[in-house]
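Shown next: protein_13.txt, given as compact mmCIF, C-alpha atoms and all ligand atoms.
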# COMPACT_ATOMS: atom_id res chain seq x y z
CA MET A 193 -152.50 -54.15 82.32
CA SER A 194 -154.34 -50.84 82.13
CA GLU A 195 -157.68 -50.83 80.37
CA PRO A 196 -158.01 -49.36 76.89
CA ALA A 197 -160.11 -46.21 76.65
CA ASP A 198 -163.02 -48.08 75.10
CA ALA A 199 -162.92 -51.02 77.55
CA GLN A 200 -166.48 -50.59 78.73
CA ALA A 201 -167.79 -50.16 75.21
CA ARG A 202 -166.16 -53.48 74.28
CA ARG A 203 -167.69 -55.18 77.31
CA ASP A 204 -171.08 -53.74 76.44
CA VAL A 205 -171.26 -55.52 73.07
CA PRO A 206 -174.27 -57.86 73.39
CA PRO A 207 -173.67 -61.61 73.01
CA VAL A 208 -174.69 -63.58 69.95
CA ILE A 209 -176.05 -67.12 70.30
CA CYS A 210 -173.45 -69.40 68.67
CA TYR A 211 -175.90 -71.98 67.42
CA PRO A 212 -179.44 -70.63 67.08
CA ASN A 213 -181.48 -73.79 67.54
CA ASP A 214 -184.59 -72.81 65.63
CA THR A 215 -183.49 -74.95 62.68
CA LEU A 216 -182.88 -78.12 64.72
CA PRO A 217 -185.15 -81.02 63.78
CA THR A 218 -188.31 -80.66 65.85
CA VAL A 219 -189.41 -83.08 68.55
CA ASP A 220 -193.01 -84.31 68.46
CA LEU A 221 -193.32 -84.55 72.23
CA GLY A 222 -197.05 -85.22 72.14
CA ARG A 223 -196.61 -88.27 69.96
CA LEU A 224 -193.66 -89.58 71.96
CA ARG A 225 -195.53 -89.21 75.24
CA ALA A 226 -198.59 -90.97 73.79
CA ALA A 227 -196.31 -93.83 72.70
CA ARG A 228 -194.76 -93.90 76.16
CA ASP A 229 -198.20 -94.03 77.81
CA ALA A 230 -199.02 -97.12 75.73
CA ALA A 231 -195.64 -98.79 76.32
CA GLU A 232 -195.03 -102.00 78.24
CA HIS A 233 -192.28 -102.48 80.78
CA VAL A 234 -189.40 -104.55 79.39
CA GLU A 235 -186.74 -104.67 82.08
CA THR A 236 -185.34 -103.11 85.23
CA VAL A 237 -181.64 -102.62 85.89
CA ILE A 238 -180.48 -101.56 89.36
CA VAL A 239 -177.29 -99.55 89.58
CA PRO A 240 -175.71 -100.18 93.00
CA ALA A 241 -174.37 -97.22 94.98
CA ARG A 242 -170.78 -96.29 93.98
CA ASP A 243 -170.98 -98.64 91.02
CA ALA A 244 -172.30 -98.66 87.45
CA ALA A 245 -174.42 -100.90 85.25
CA CYS A 246 -175.11 -101.23 81.53
CA PHE A 247 -178.49 -101.46 79.86
CA THR A 248 -179.78 -101.64 76.31
CA ALA A 249 -182.67 -99.84 74.65
CA LYS A 250 -183.75 -100.45 71.08
CA ALA A 251 -184.59 -97.60 68.72
CA GLY A 252 -188.17 -96.59 69.50
CA GLN A 253 -188.07 -97.76 73.11
CA PHE A 254 -187.97 -95.57 76.22
CA PHE A 255 -185.71 -95.67 79.25
CA ARG A 256 -186.28 -94.02 82.59
CA ILE A 257 -183.69 -93.26 85.28
CA THR A 258 -185.28 -93.10 88.74
CA CYS A 259 -183.97 -91.95 92.10
CA VAL A 260 -184.94 -94.70 94.56
CA ASP A 261 -183.72 -94.61 98.17
CA GLY A 262 -182.21 -91.14 98.57
CA PRO A 263 -180.75 -88.16 96.69
CA GLN A 264 -178.24 -89.52 94.20
CA VAL A 265 -176.75 -88.25 90.95
CA GLY A 266 -175.89 -90.45 87.99
CA ASP A 267 -173.32 -90.22 85.21
CA LEU A 268 -174.70 -91.44 81.88
CA ASN A 269 -172.81 -92.70 78.83
CA LEU A 270 -174.53 -93.78 75.58
CA TRP A 271 -173.22 -95.68 72.59
CA ASN A 272 -174.66 -96.90 69.30
CA ALA A 273 -175.21 -100.58 70.12
CA HIS A 274 -173.75 -101.63 66.74
CA ASP A 275 -170.79 -99.22 66.62
CA LEU A 276 -169.23 -98.02 69.87
CA SER A 277 -167.32 -95.30 67.99
CA GLU A 278 -170.62 -93.44 67.79
CA ARG A 279 -171.12 -92.13 71.29
CA PHE A 280 -172.64 -89.26 73.20
CA TYR A 281 -171.01 -85.91 72.42
CA SER A 282 -171.37 -83.80 75.52
CA GLY A 283 -169.58 -80.73 74.15
CA LYS A 284 -171.69 -80.41 71.00
CA THR A 285 -174.86 -81.12 72.94
CA ARG A 286 -173.90 -78.23 75.22
CA ALA A 287 -173.26 -75.99 72.22
CA LEU A 288 -176.67 -76.82 70.76
CA HIS A 289 -178.90 -76.84 73.85
CA GLY A 290 -176.97 -75.03 76.61
CA THR A 291 -175.34 -76.16 79.83
CA HIS A 292 -178.23 -78.24 81.21
CA LEU A 293 -180.77 -80.47 79.47
CA THR A 294 -184.47 -80.92 80.04
CA THR A 295 -187.65 -82.09 78.33
CA GLY A 296 -187.63 -81.89 74.53
CA GLU A 297 -183.82 -81.67 74.33
CA ARG A 298 -181.52 -84.33 72.98
CA MET A 299 -178.29 -86.18 73.54
CA TRP A 300 -176.33 -85.84 70.27
CA SER A 301 -173.74 -88.28 68.96
CA SER A 302 -170.11 -87.82 67.97
CA PHE A 303 -168.77 -86.95 64.49
CA PRO A 304 -169.32 -87.94 61.75
CA HIS A 305 -172.75 -89.06 62.87
CA LEU A 306 -174.02 -86.02 64.81
CA ARG A 307 -177.59 -87.19 65.21
CA PRO A 308 -179.93 -87.52 68.16
CA MET A 309 -179.23 -90.64 70.23
CA ALA A 310 -181.90 -90.00 72.86
CA THR A 311 -184.58 -87.37 73.45
CA ILE A 312 -185.77 -86.35 76.93
CA VAL A 313 -189.53 -86.86 77.13
CA ASN A 314 -190.15 -86.37 80.87
CA ASP A 315 -188.20 -84.63 83.63
CA THR A 316 -189.77 -84.41 87.10
CA LEU A 317 -187.15 -81.78 88.05
CA ASP A 318 -188.06 -79.38 85.23
CA TRP A 319 -189.64 -77.06 87.85
CA TYR A 320 -186.16 -76.26 89.24
CA VAL A 321 -185.18 -74.19 86.17
CA GLN A 322 -182.34 -72.10 87.71
CA ASP A 323 -181.51 -71.10 91.28
CA GLN A 324 -180.10 -67.85 92.68
CA PHE A 325 -176.53 -69.12 92.25
CA GLY A 326 -176.97 -69.93 88.57
CA GLY A 327 -177.28 -73.64 89.33
CA SER A 328 -179.45 -75.96 87.27
CA VAL A 329 -180.02 -79.71 86.90
CA HIS A 330 -178.81 -82.40 84.41
CA ASP A 331 -175.65 -80.72 83.12
CA VAL A 332 -173.46 -81.38 80.12
CA ILE A 333 -170.59 -79.28 81.49
CA GLY A 334 -168.98 -81.67 83.94
CA THR A 335 -166.94 -84.55 82.55
CA ARG A 336 -167.24 -87.44 85.04
CA CYS A 337 -165.37 -87.85 88.30
CA ASP A 338 -162.24 -89.84 87.62
CA PRO A 339 -159.19 -91.24 89.41
CA TYR A 340 -156.68 -89.35 87.27
CA THR A 341 -157.84 -85.90 88.39
CA GLY A 342 -157.99 -87.16 91.99
CA ASN A 343 -154.41 -88.34 91.68
CA LEU A 344 -153.32 -85.06 90.07
CA LEU A 345 -154.87 -82.91 92.78
CA SER A 346 -154.36 -85.04 95.89
CA GLY A 347 -152.24 -88.06 95.03
CA THR A 348 -155.05 -90.54 95.70
CA GLN A 349 -155.79 -93.98 94.26
CA TYR A 350 -159.59 -94.08 94.43
CA HIS A 351 -161.28 -96.79 92.33
CA TYR A 352 -165.00 -96.01 92.52
CA CYS A 353 -165.16 -92.74 90.60
CA CYS A 354 -167.73 -92.69 87.80
CA HIS A 355 -164.99 -93.14 85.20
CA SER A 356 -163.83 -96.40 86.78
CA ASN A 357 -167.38 -97.54 87.51
CA LEU A 358 -168.36 -96.99 83.85
CA THR A 359 -165.18 -98.75 82.68
CA ARG A 360 -165.90 -101.87 84.80
CA ALA A 361 -169.56 -101.96 83.73
CA LEU A 362 -168.76 -101.67 80.03
CA ALA A 363 -165.98 -104.26 80.29
CA ASP A 364 -168.43 -106.71 81.88
CA HIS A 365 -171.15 -105.91 79.32
CA LEU A 366 -168.81 -106.43 76.35
CA GLY A 367 -166.84 -109.30 77.89
CA VAL A 368 -163.55 -107.46 77.33
CA ASP A 369 -160.80 -106.41 79.70
CA LEU A 370 -160.61 -103.01 81.39
CA ALA A 371 -157.95 -101.68 79.03
CA GLN A 372 -160.21 -102.36 76.05
CA ALA A 373 -163.27 -100.86 77.66
CA GLU A 374 -161.73 -97.69 79.13
CA PRO A 375 -161.19 -95.76 75.85
CA HIS A 376 -164.93 -96.00 75.12
CA VAL A 377 -165.88 -94.15 78.31
CA HIS A 378 -166.65 -90.52 77.56
CA ASP A 379 -167.97 -87.27 79.02
CA VAL A 380 -171.39 -87.76 80.52
CA LEU A 381 -174.82 -86.34 81.01
CA ASN A 382 -174.86 -85.60 84.74
CA VAL A 383 -178.33 -86.90 85.60
CA PHE A 384 -179.92 -85.17 88.63
CA MET A 385 -176.70 -83.26 89.37
CA CYS A 386 -177.10 -79.56 90.24
CA THR A 387 -174.25 -77.47 88.89
CA GLY A 388 -173.25 -74.13 87.47
CA PHE A 389 -170.39 -71.68 87.21
CA THR A 390 -169.60 -69.18 89.97
CA ARG A 391 -170.37 -65.65 88.82
CA ASP A 392 -167.11 -64.16 90.13
CA THR A 393 -164.43 -66.72 89.22
CA GLY A 394 -166.29 -68.74 86.60
CA GLN A 395 -165.47 -71.97 88.46
CA TYR A 396 -167.54 -75.10 88.01
CA PHE A 397 -169.60 -75.70 91.15
CA MET A 398 -171.93 -78.39 92.43
CA LYS A 399 -174.49 -78.30 95.22
CA ALA A 400 -176.91 -80.70 96.88
CA SER A 401 -179.13 -82.16 94.18
CA PRO A 402 -182.84 -81.33 94.54
CA VAL A 403 -183.67 -84.91 93.45
CA ARG A 404 -185.79 -87.03 95.81
CA PRO A 405 -186.96 -90.65 95.67
CA ASN A 406 -189.36 -91.28 92.75
CA ASP A 407 -188.03 -88.36 90.69
CA TYR A 408 -187.05 -89.49 87.23
CA LEU A 409 -185.63 -88.49 83.88
CA GLU A 410 -187.08 -90.33 80.90
CA PHE A 411 -185.70 -90.71 77.39
CA PHE A 412 -186.82 -91.90 73.97
CA ALA A 413 -184.11 -94.02 72.31
CA GLU A 414 -183.62 -92.66 68.77
CA ILE A 415 -181.21 -95.44 67.75
CA ASP A 416 -180.29 -98.85 69.18
CA LEU A 417 -178.40 -97.99 72.35
CA VAL A 418 -176.07 -99.41 74.92
CA GLY A 419 -176.05 -97.20 77.98
CA ALA A 420 -173.99 -97.19 81.15
CA LEU A 421 -175.01 -95.36 84.29
CA SER A 422 -172.81 -94.76 87.33
CA ALA A 423 -174.24 -93.92 90.76
CA CYS A 424 -171.63 -91.27 91.56
CA PRO A 425 -169.61 -91.67 94.78
CA GLY A 426 -170.52 -88.02 95.38
CA GLY A 427 -174.08 -89.12 96.29
CA ASP A 428 -176.16 -85.95 96.03
CA CYS A 429 -172.90 -84.03 95.42
CA SER A 430 -173.49 -81.70 98.39
CA SER A 431 -169.91 -81.94 99.66
CA GLN A 432 -167.34 -83.97 97.78
CA HIS A 433 -166.83 -86.74 95.30
CA SER A 434 -163.95 -89.12 94.53
CA SER A 435 -164.13 -90.65 98.02
CA ASP A 436 -166.30 -92.86 100.21
CA VAL A 437 -167.40 -89.96 102.44
CA ALA A 438 -170.78 -89.07 100.90
CA ALA A 439 -174.02 -91.00 101.51
CA CYS A 440 -174.76 -92.90 98.29
CA TYR A 441 -177.83 -94.66 96.97
CA PRO A 442 -178.70 -96.91 94.03
CA LEU A 443 -180.39 -95.72 90.86
CA ARG A 444 -182.96 -97.66 88.82
CA ILE A 445 -183.24 -97.89 85.07
CA ASP A 446 -186.46 -99.11 83.46
CA VAL A 447 -186.89 -99.83 79.77
CA TYR A 448 -190.29 -99.63 78.07
CA ALA A 449 -191.45 -100.77 74.60
CA PRO A 450 -194.41 -99.06 72.92
CA PRO A 451 -196.76 -100.98 70.63
CA LYS A 452 -195.60 -100.88 66.98
CA GLN A 453 -198.51 -98.80 65.74
CA ALA A 454 -197.74 -96.05 68.24
CA LEU A 455 -194.69 -95.06 66.18
CA ALA A 456 -195.95 -96.06 62.70
CA GLY A 457 -193.93 -94.21 60.05
CA TRP A 458 -191.22 -93.15 62.50
CA GLN A 459 -187.62 -94.00 61.60
CA PRO A 460 -184.35 -93.60 63.48
CA PRO A 461 -182.58 -90.39 62.41
CA ALA A 462 -180.08 -90.74 59.56
CA ARG A 463 -176.44 -89.95 60.24
CA ASN A 464 -175.33 -86.42 59.44
CA GLY A 465 -175.43 -85.33 55.79
CA TYR A 466 -171.98 -83.70 55.56
CA ASP A 467 -170.04 -85.41 52.73
CA GLN A 468 -166.71 -85.63 54.67
CA THR A 469 -164.61 -84.42 51.73
CA HIS A 470 -163.19 -81.63 53.95
CA GLY A 471 -162.29 -79.40 51.03
CA ARG A 472 -160.31 -81.99 49.05
ZN ZN A 501 -169.14 -89.18 89.66
Transcribe the structure of this file into structure tokens.
Amino acid sequence: MSEPADAQARRDVPPVICYPNDTLPTVDLGRLRAARDAAEHVETVIVPARDAACFTAKAGQFFRITCVDGPQVGDLNLWNAHDLSERFYSGKTRALHGTHLTTGERMWSSFPHLRPMATIVNDTLDWYVQDQFGGSVHDVIGTRCDPYTGNLLSGTQYHYCCHSNLTRALADHLGVDLAQAEPHVHDVLNVFMCTGFTRDTGQYFMKASPVRPNDYLEFFAEIDLVGALSACPGGDCSSQHSSDVAACYPLRIDVYAPPKQALAGWQPPARNGYDQTHGR
């Protein structure tokens, strides 16, 4: 199609931020970090390479995801421990905070709850910011690697994608079969993964994660949580995923409990205040 006469003028219209975030509830990072400093270690969960594991964190506790033996990305799912229908909402989190998360930003839950589930309190990769390709770390744009897309694109039957890993882990945690667990698995926070969109074609890209052993991402649990973390078969995601080709490493999850007085007066966030009458 030929361009209209005012094509450039239309392109030159400046963008408007969809969801200005200056009215979001504020995060008292200083208080949360002080509580974290006073916290005691509760438990360690090791996520084996090309597999997933579940963990729990109570409201007011902290959980830390650590890179241990080598560069490895992780796919994180979160649920309300008392109601699995409330789960992490990657798309709305992206709309509120942008394509990648870091310190002070939150993982928001699905409708009708739409409240913070977890708040990032420490990120040892926050120095990365953005590279020359537009890549950044800890995205909420990817979904999770899965066997259905692999089958669609190359006819494969690969069973250790993050989607299947998360499904097995949740099934084991709940004591239910795979068919019952699978519908609860949802789009993830891509922990440590370095991603962006190509400038020319707008395609989703990944590149070798800058994560190294002892790097970590640490969260404050805003509500009682069940989490599941998959050590992606893509390893550091420098070449490919959905296969056994990449070097893969475990990930470690540690849960910490602060002393009660450290969070005196703090309460888990209430569910969203919309009345759900939808105009009727
Ligand atoms: Zn994956």
What do you get as a VMD selection string if you pick all residues at most 12 Å from ligand ZN 501 (chain A), counting all atoms listed in the file? chain A and resid 241 to 244 264 to 269 334 to 339 341 to 342 350 to 358 379 to 385 398 421 to 429 432 to 436 438 440
Give me the residues near Ala249 in chain A as a VMD selection string, where near means some atom within 8 Å (using only C-alpha atoms) and where sequence neighbours in that chain fewer than 2 positions away do not count. chain A and resid 247 251 253 to 255 413 416 to 419 447
Hey, can you spit out that residue selection with C-alpha atoms as a short mmCIF file (atom, residue, chain, number, x, y, z; two decimals), in the coordinates of the input?
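Listing of again-v6.cif after writing:
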data_model
loop_
_atom_site.label_atom_id
_atom_site.label_comp_id
_atom_site.auth_asym_id
_atom_site.auth_seq_id
_atom_site.Cartn_x
_atom_site.Cartn_y
_atom_site.Cartn_z
CA PHE A 247 -178.49 -101.46 79.86
CA ALA A 251 -184.59 -97.60 68.72
CA GLN A 253 -188.07 -97.76 73.11
CA PHE A 254 -187.97 -95.57 76.22
CA PHE A 255 -185.71 -95.67 79.25
CA ALA A 413 -184.11 -94.02 72.31
CA ASP A 416 -180.29 -98.85 69.18
CA LEU A 417 -178.40 -97.99 72.35
CA VAL A 418 -176.07 -99.41 74.92
CA GLY A 419 -176.05 -97.20 77.98
CA VAL A 447 -186.89 -99.83 79.77
#
Contacts of Thr285 in chain A at 7 Å or less, counting all atoms listed in the file, minus same-chain residues fewer than 3 places along, as a ChimeraX atom specification? /A:281-282,288-289,299-300
Do a neighbour search on Leu370 in chain A at 10 Å with all atoms listed in the file, toss out local chain neighbours closer than 4 positions, and write the hits as a list in words. Ser356, Thr359, Arg360, Ala361, Leu362, Ala363, Asp364, Glu374 and Pro375 of chain A
At a cut-off of 6 Å, can you tabulate as CSV every residue of range 362-457 of chain A near range 304-318 of chain A together with its closest atom pair and the distance in Å to one decimal, using all atoms listed in the file and ordering rows by chain then number?
residue,atom,partner,partner_atom,distance
A:Asp407,CA,A:Thr316,CA,5.6
A:Tyr408,CA,A:Thr316,CA,5.8
A:Leu409,CA,A:Asp315,CA,4.6
A:Glu410,CA,A:Asn314,CA,5.0
A:Phe411,CA,A:Ile312,CA,4.4
A:Phe412,CA,A:Thr311,CA,5.1
A:Ala413,CA,A:Ala310,CA,4.6
A:Glu414,CA,A:Met309,CA,5.0
A:Ile415,CA,A:Met309,CA,5.8
Separation of CA of Tyr441 in chain A from CA of Arg404 in chain A, in Å and rounded to one decimal: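 Separation of CA of Tyr441 in chain A and CA of Arg404 in chain A: 11.1 Å.
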Proximity of range 245-312 of chain A to range 387-394 of chain A: per-residue shortest pair, 12 Å limit, all atoms listed in the file, as CSV:
residue,atom,partner,partner_atom,distance
A:Val265,CA,A:Thr387,CA,11.3
A:Gly290,CA,A:Gly388,CA,11.5
A:Thr291,CA,A:Gly388,CA,8.2
A:His292,CA,A:Thr387,CA,8.7
A:Leu293,CA,A:Thr387,CA,11.8
Can I get the selected residues back with C-alpha atoms, as a compact mmCIF listing (two decimals), in the frame of the given file?
# COMPACT_ATOMS: atom_id res chain seq x y z
CA VAL A 265 -176.75 -88.25 90.95
CA GLY A 290 -176.97 -75.03 76.61
CA THR A 291 -175.34 -76.16 79.83
CA HIS A 292 -178.23 -78.24 81.21
CA LEU A 293 -180.77 -80.47 79.47
Between CA of Asn213 in chain A and CA of Ala456 in chain A, what is the spacing in Å?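 Pair CA of Ala456 in chain A / CA of Asn213 in chain A returns 27.0 Å.
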Coordinates-based distance that separates CA of Leu276 in chain A from CA of Gly367 in chain A (Å, one decimal): 14.0 Å
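Nearest residue to Arg444 in chain A among A:Pro402, A:Gly326, A:Gly347, A:Gly262 is A:Gly262, counting only C-alpha atoms.
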Contacts of Cys259 in chain A at 6 Å or less, counting only C-alpha atoms, minus same-chain residues fewer than 6 places along, as a PyMOL selection string? chain A and resi 405-407+443
So which one's closest to Asp229 in chain A, A:Ala449, A:Val321, A:Val260, A:Asn464? Using only C-alpha atoms, please. A:Ala449
